[in-house]
Amino acid sequence: MLAEPVRHNSPVPKYARPRHSEHAEDPIKALGNMVRAGIIGFLRTNGPASRAEISRALEIPIPTVAKSLAALMTSGLLISEPPMDEVRQGQRVRYQVNDAAVSDMYLQLGQAIGEL
C-alpha cells in the first residue's frame with residue numbers, strides 16, 4: 001500500500017532563503033557565476049585588461065565576457081578606462097577591479113556566512 005502524500009496548509013515558498021541572508025544577497029547577485037568570479041580573479045592578478053585580453057586569457061568567448069563585464073560594471077565591482085559614459089564606438093576599453101567594492105563585497109559575504 002502506498003503512503004498518502006503529505007499535504008501542507010501553507011504554500012511552499014518559491015525561493016528558499018536562510019534567515020538573515022540579506023547580507024549575502026548582494027555579493028551573490030554581483031558575482032552570479034564562476035565566469036564573473038574568474039574575471040575578477042584574473043584582473044586582480046594581472047591588472048587592467050580589455051575584453052579580448054580577458055577572453056584569450058580565460059578561454060571564454062568574447063560575447064560571454066562582454067555580458068559578464070556589463071554585469072560587473074553595473075554592480076560596481078569593475079571600473080573602466082575610459083569611463084563607459086565617455087566611450088565611443090570602436091574605442092578600446094580596459095577594465096580593472098574596484099578594490100574597495102570587492103573588499104566590501106567580501107566583508108558582506110563573510111558576515112553572512114559567519115566567517116567575519
# chains A, B, ... in the order shown; residues from 1 in each chain; ligands from 1
>>> residues_around(residues="Val93 in chain A", least_positions_apart="5", cutoff="8 Å", atoms="only C-alpha atoms", output="compact mmCIF listing (two decimals) with C-alpha atoms, in the first residue's frame")
# COMPACT_ATOMS: atom_id res chain seq x y z
CA SER A 50 40.44 44.62 -22.46
CA ARG A 51 37.57 42.25 -23.31
CA SER A 80 36.53 51.05 -16.96
CA GLU A 81 39.06 53.33 -18.62
CA PRO A 82 37.73 55.41 -20.26
CA VAL A 87 33.35 55.50 -24.69
>>> closest_residue(among="A:Gly47, A:Pro63, A:Gly38, A:Pro83", to="Asp99 in chain A", atoms="only C-alpha atoms")
A:Gly47
>>> atom_distance(atom1="CA of Arg36 in chain A", atom2="CA of Leu77 in chain A")
10.0 Å
>>> residues_around(residues="Ser55 in chain A", least_positions_apart="4", cutoff="10 Å", atoms="only C-alpha atoms", output="ChimeraX atom specification")
/A:39,49-51,59-66
>>> closest_residue(among="A:Ser75, A:Gln108, A:Thr45, A:Ser103", to="Gly32 in chain A", atoms="only C-alpha atoms")
A:Ser75
>>> closest_residue(among="A:Leu78, A:Val35, A:Met84, A:Leu69", to="Gln96 in chain A", atoms="only C-alpha atoms")
A:Leu78
>>> closest_residue(among="A:Leu107, A:Val97, A:Lys67, A:Gly76", to="Ile40 in chain A", atoms="only C-alpha atoms")
A:Val97
